[in-house]
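Accompanying notes for the structure given below.
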Amino acid sequence: MRWALALGFLLAACSSDKSASPKPADTKAEAMPAAAGEPVVIYAASSLKELVTELGDSWTKKTGQAVRLQFEASSTLARQIKEGAPADVFITASPEWLDQLKVIERFDWLSNTLVCVVRKDLASFDLKTVESLALANEQVPAGKYAKAALAHLGIKPPERTIYGSNVRDVLSKVSQGGAQAGIVYATDAAVDPAVHVAMTFPDESHPKILYSVGVIGERGKGFASSLKESASLAAATKRGFIEIK
């Protein structure tokens, strides 16, 4: 009799432990939010760093969807994407770099102004006689625009011309005293208090500066669409970018 009672208690305990174990369906449900929370990966031209960071933060607050940002020269980012980098959205400073990629959607987004900057402590400046000049490499959009503008004005780069890997690299070379002057976008000049705009190139001196957005993966559609919203465009124009009408 005692043996029967002990066996009954043992069976009841086993049954209780089994019912307390997590069900496979519950485990699967708990794993789903982690997959859904994977960040949207955004590759963007260096000159967009502050703007896209701001818009990415706003997007995350609005949707709860995290973003991961990568900034570099458009040419470098395009090469990385072609080699398999997992970008969902690519925002380039020249649409030609989207032509080399497989995109789901694309649209032209913003424009900019090309300027020549010098350190604020430089007393006088003449681009025709400047001793040192920083430019972006020719494959970089800012370098392409700068080369065209100089040719249009009949200005030959000085013997001491320093090339940067992207437009922010050019800006830092001037800001830190590595070159007397540099050709960047107006929005770049606005973020560095150590420089000021010494010259603005006329629009007709170079190809139109055009920031274009390419959606590489399905996950990027929502963020890309948000870039066209009025709040995003207002943030862009506040930073000096030009809305394309």
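Going through the structure tokens in order, the chains are called A, B, and so on, while each chain numbers its residues from 1 and the ligands are numbered from 1 in the order shown.
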
Residues flagged strand (DSSP E or B) by DSSP in region 92-122 of chain A, as a CSV table (one decimal) with C-alpha atoms, in the first residue's frame:
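Output contents, as saved in selection-v3.csv:
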chain,number,residue,atom,x,y,z
A,92,THR,CA,25.0,58.6,-53.0
A,105,GLU,CA,13.6,51.6,-56.1
A,106,ARG,CA,15.5,54.8,-56.7
A,107,PHE,CA,14.8,58.6,-56.7
A,108,ASP,CA,16.7,61.9,-56.7
A,109,TRP,CA,16.5,63.5,-53.3
A,110,LEU,CA,18.6,66.7,-52.7
A,111,SER,CA,21.2,69.0,-54.2
A,114,LEU,CA,30.1,73.7,-54.3
A,115,VAL,CA,32.4,76.0,-52.4
A,116,CYS,CA,36.0,76.7,-51.6
A,117,VAL,CA,36.9,76.9,-47.9
A,118,VAL,CA,39.9,78.3,-46.1
A,119,ARG,CA,40.9,78.5,-42.5

Using DSSP on the backbone coordinates, identify all residues within region 113-207 of chain A classified as helix (DSSP H, G or I); present the result as a ChimeraX atom specification.
-> /A:141-152,167-175,186-189,203-205

Export of prior selection with N, CA and C atoms as a PDB file, in the first residue's frame:
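The resulting file, selection.pdb, is reproduced below:
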ATOM      1  N   PRO A 141      32.484  61.872 -55.901  1.00  0.00           N
ATOM      2  CA  PRO A 141      31.659  62.923 -56.502  1.00  0.00           C
ATOM      3  C   PRO A 141      32.168  64.340 -56.256  1.00  0.00           C
ATOM      4  N   ALA A 142      32.552  64.666 -55.026  1.00  0.00           N
ATOM      5  CA  ALA A 142      33.041  66.020 -54.724  1.00  0.00           C
ATOM      6  C   ALA A 142      34.289  66.338 -55.536  1.00  0.00           C
ATOM      7  N   GLY A 143      35.130  65.333 -55.781  1.00  0.00           N
ATOM      8  CA  GLY A 143      36.319  65.535 -56.597  1.00  0.00           C
ATOM      9  C   GLY A 143      35.968  65.758 -58.057  1.00  0.00           C
ATOM     10  N   LYS A 144      34.969  65.039 -58.529  1.00  0.00           N
ATOM     11  CA  LYS A 144      34.518  65.201 -59.914  1.00  0.00           C
ATOM     12  C   LYS A 144      33.951  66.596 -60.135  1.00  0.00           C
ATOM     13  N   TYR A 145      33.128  67.046 -59.210  1.00  0.00           N
ATOM     14  CA  TYR A 145      32.550  68.386 -59.326  1.00  0.00           C
ATOM     15  C   TYR A 145      33.635  69.464 -59.242  1.00  0.00           C
ATOM     16  N   ALA A 146      34.603  69.276 -58.339  1.00  0.00           N
ATOM     17  CA  ALA A 146      35.685  70.260 -58.165  1.00  0.00           C
ATOM     18  C   ALA A 146      36.541  70.360 -59.420  1.00  0.00           C
ATOM     19  N   LYS A 147      36.892  69.228 -60.010  1.00  0.00           N
ATOM     20  CA  LYS A 147      37.716  69.223 -61.216  1.00  0.00           C
ATOM     21  C   LYS A 147      37.004  69.963 -62.355  1.00  0.00           C
ATOM     22  N   ALA A 148      35.707  69.709 -62.495  1.00  0.00           N
ATOM     23  CA  ALA A 148      34.941  70.373 -63.549  1.00  0.00           C
ATOM     24  C   ALA A 148      34.870  71.879 -63.308  1.00  0.00           C
ATOM     25  N   ALA A 149      34.670  72.294 -62.053  1.00  0.00           N
ATOM     26  CA  ALA A 149      34.552  73.713 -61.732  1.00  0.00           C
ATOM     27  C   ALA A 149      35.859  74.452 -61.993  1.00  0.00           C
ATOM     28  N   LEU A 150      36.974  73.844 -61.605  1.00  0.00           N
ATOM     29  CA  LEU A 150      38.274  74.474 -61.854  1.00  0.00           C
ATOM     30  C   LEU A 150      38.545  74.609 -63.349  1.00  0.00           C
ATOM     31  N   ALA A 151      38.215  73.574 -64.109  1.00  0.00           N
ATOM     32  CA  ALA A 151      38.419  73.618 -65.560  1.00  0.00           C
ATOM     33  C   ALA A 151      37.546  74.684 -66.198  1.00  0.00           C
ATOM     34  N   HIS A 152      36.308  74.798 -65.732  1.00  0.00           N
ATOM     35  CA  HIS A 152      35.384  75.794 -66.273  1.00  0.00           C
ATOM     36  C   HIS A 152      35.914  77.212 -66.059  1.00  0.00           C
ATOM     37  N   VAL A 167      34.932  63.819 -49.008  1.00  0.00           N
ATOM     38  CA  VAL A 167      34.823  65.262 -48.850  1.00  0.00           C
ATOM     39  C   VAL A 167      35.131  65.720 -47.424  1.00  0.00           C
ATOM     40  N   ARG A 168      34.835  64.905 -46.424  1.00  0.00           N
ATOM     41  CA  ARG A 168      35.148  65.267 -45.050  1.00  0.00           C
ATOM     42  C   ARG A 168      36.656  65.192 -44.792  1.00  0.00           C
ATOM     43  N   ASP A 169      37.326  64.333 -45.503  1.00  0.00           N
ATOM     44  CA  ASP A 169      38.780  64.261 -45.420  1.00  0.00           C
ATOM     45  C   ASP A 169      39.381  65.557 -45.962  1.00  0.00           C
ATOM     46  N   VAL A 170      38.821  66.055 -47.044  1.00  0.00           N
ATOM     47  CA  VAL A 170      39.264  67.334 -47.615  1.00  0.00           C
ATOM     48  C   VAL A 170      39.049  68.461 -46.608  1.00  0.00           C
ATOM     49  N   LEU A 171      37.881  68.485 -45.998  1.00  0.00           N
ATOM     50  CA  LEU A 171      37.554  69.515 -45.015  1.00  0.00           C
ATOM     51  C   LEU A 171      38.551  69.501 -43.857  1.00  0.00           C
ATOM     52  N   SER A 172      38.888  68.321 -43.372  1.00  0.00           N
ATOM     53  CA  SER A 172      39.808  68.223 -42.234  1.00  0.00           C
ATOM     54  C   SER A 172      41.212  68.666 -42.607  1.00  0.00           C
ATOM     55  N   LYS A 173      41.621  68.440 -43.848  1.00  0.00           N
ATOM     56  CA  LYS A 173      42.946  68.868 -44.276  1.00  0.00           C
ATOM     57  C   LYS A 173      43.071  70.390 -44.224  1.00  0.00           C
ATOM     58  N   VAL A 174      42.003  71.093 -44.547  1.00  0.00           N
ATOM     59  CA  VAL A 174      42.013  72.555 -44.454  1.00  0.00           C
ATOM     60  C   VAL A 174      41.898  72.983 -42.999  1.00  0.00           C
ATOM     61  N   SER A 175      40.957  72.405 -42.288  1.00  0.00           N
ATOM     62  CA  SER A 175      40.705  72.763 -40.901  1.00  0.00           C
ATOM     63  C   SER A 175      41.943  72.595 -40.028  1.00  0.00           C
ATOM     64  N   ALA A 186      28.818  73.219 -49.479  1.00  0.00           N
ATOM     65  CA  ALA A 186      28.464  74.270 -48.511  1.00  0.00           C
ATOM     66  C   ALA A 186      28.035  73.678 -47.176  1.00  0.00           C
ATOM     67  N   THR A 187      27.372  72.540 -47.208  1.00  0.00           N
ATOM     68  CA  THR A 187      26.922  71.911 -45.959  1.00  0.00           C
ATOM     69  C   THR A 187      28.085  71.397 -45.127  1.00  0.00           C
ATOM     70  N   ASP A 188      29.197  71.040 -45.775  1.00  0.00           N
ATOM     71  CA  ASP A 188      30.387  70.619 -45.039  1.00  0.00           C
ATOM     72  C   ASP A 188      31.002  71.806 -44.322  1.00  0.00           C
ATOM     73  N   ALA A 189      31.108  72.923 -45.036  1.00  0.00           N
ATOM     74  CA  ALA A 189      31.683  74.130 -44.441  1.00  0.00           C
ATOM     75  C   ALA A 189      30.900  74.549 -43.201  1.00  0.00           C
ATOM     76  N   ASP A 203      26.697  77.529 -60.384  1.00  0.00           N
ATOM     77  CA  ASP A 203      26.089  76.235 -60.708  1.00  0.00           C
ATOM     78  C   ASP A 203      26.502  75.724 -62.083  1.00  0.00           C
ATOM     79  N   GLU A 204      26.672  76.651 -63.021  1.00  0.00           N
ATOM     80  CA  GLU A 204      26.993  76.242 -64.394  1.00  0.00           C
ATOM     81  C   GLU A 204      28.433  75.764 -64.557  1.00  0.00           C
ATOM     82  N   SER A 205      29.245  75.886 -63.513  1.00  0.00           N
ATOM     83  CA  SER A 205      30.658  75.501 -63.621  1.00  0.00           C
ATOM     84  C   SER A 205      30.887  74.005 -63.438  1.00  0.00           C
TER      85      SER A 205
END

Might you pull out every residue within 9 Å of Gly217 (chain A), with only C-alpha atoms counted and same-chain residues fewer than 6 positions away left off, and present them as a PDB file with C-alpha atoms, in the first residue's frame?
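Just written: selection.pdb:
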ATOM      1  CA  PRO A  86      24.622  44.141 -46.538  1.00  0.00           C
ATOM      2  CA  ALA A  87      23.197  47.603 -47.249  1.00  0.00           C
ATOM      3  CA  ASP A  88      19.435  48.142 -47.333  1.00  0.00           C
ATOM      4  CA  VAL A  89      19.600  51.783 -48.486  1.00  0.00           C
ATOM      5  CA  VAL A 103      18.199  48.499 -56.816  1.00  0.00           C
ATOM      6  CA  ILE A 104      14.531  47.894 -56.051  1.00  0.00           C
TER       7      ILE A 104
END

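The space separating CA of Ala78 (chain A) from CA of Leu101 (chain A) comes to 7.6 Å.
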
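Near region 39-41 of chain A, within 9 Å and counting only C-alpha atoms, sit Gln65, Ala66, Val67, Arg68, Leu69, Gln70, Pro86, Ala87, Asp88, Val89, Phe90, Arg219, Gly220 and Phe223 of chain A; same-chain residues fewer than 6 positions away were not included.
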
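Here CA of Ala45 (chain A) and CA of Ile91 (chain A) stand 6.3 Å from one another.
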
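Nearest-residue note for Phe125 (chain A): choosing from A:Thr53, A:Gln180, A:Ser225, A:Thr76, the minimum distance belongs to A:Gln180, counting only C-alpha atoms.
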
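For the choices A:Ile244, A:Ala181, A:Ile216, A:Leu135, the atom-to-atom distance to Lys228 (chain A) is smallest for A:Ile244 when using only C-alpha atoms.
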
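Using only C-alpha atoms, the shortest contact distance between Pro95 (chain A) and any of A:Ile42, A:Ile162, A:Val140, A:Val191 is found at A:Val140.
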
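Considering the residues A:Phe71, A:Tyr43, A:Tyr185, A:Trp97 and counting only C-alpha atoms, Ile242 (chain A) has its shortest atom-to-atom contact with A:Tyr185.
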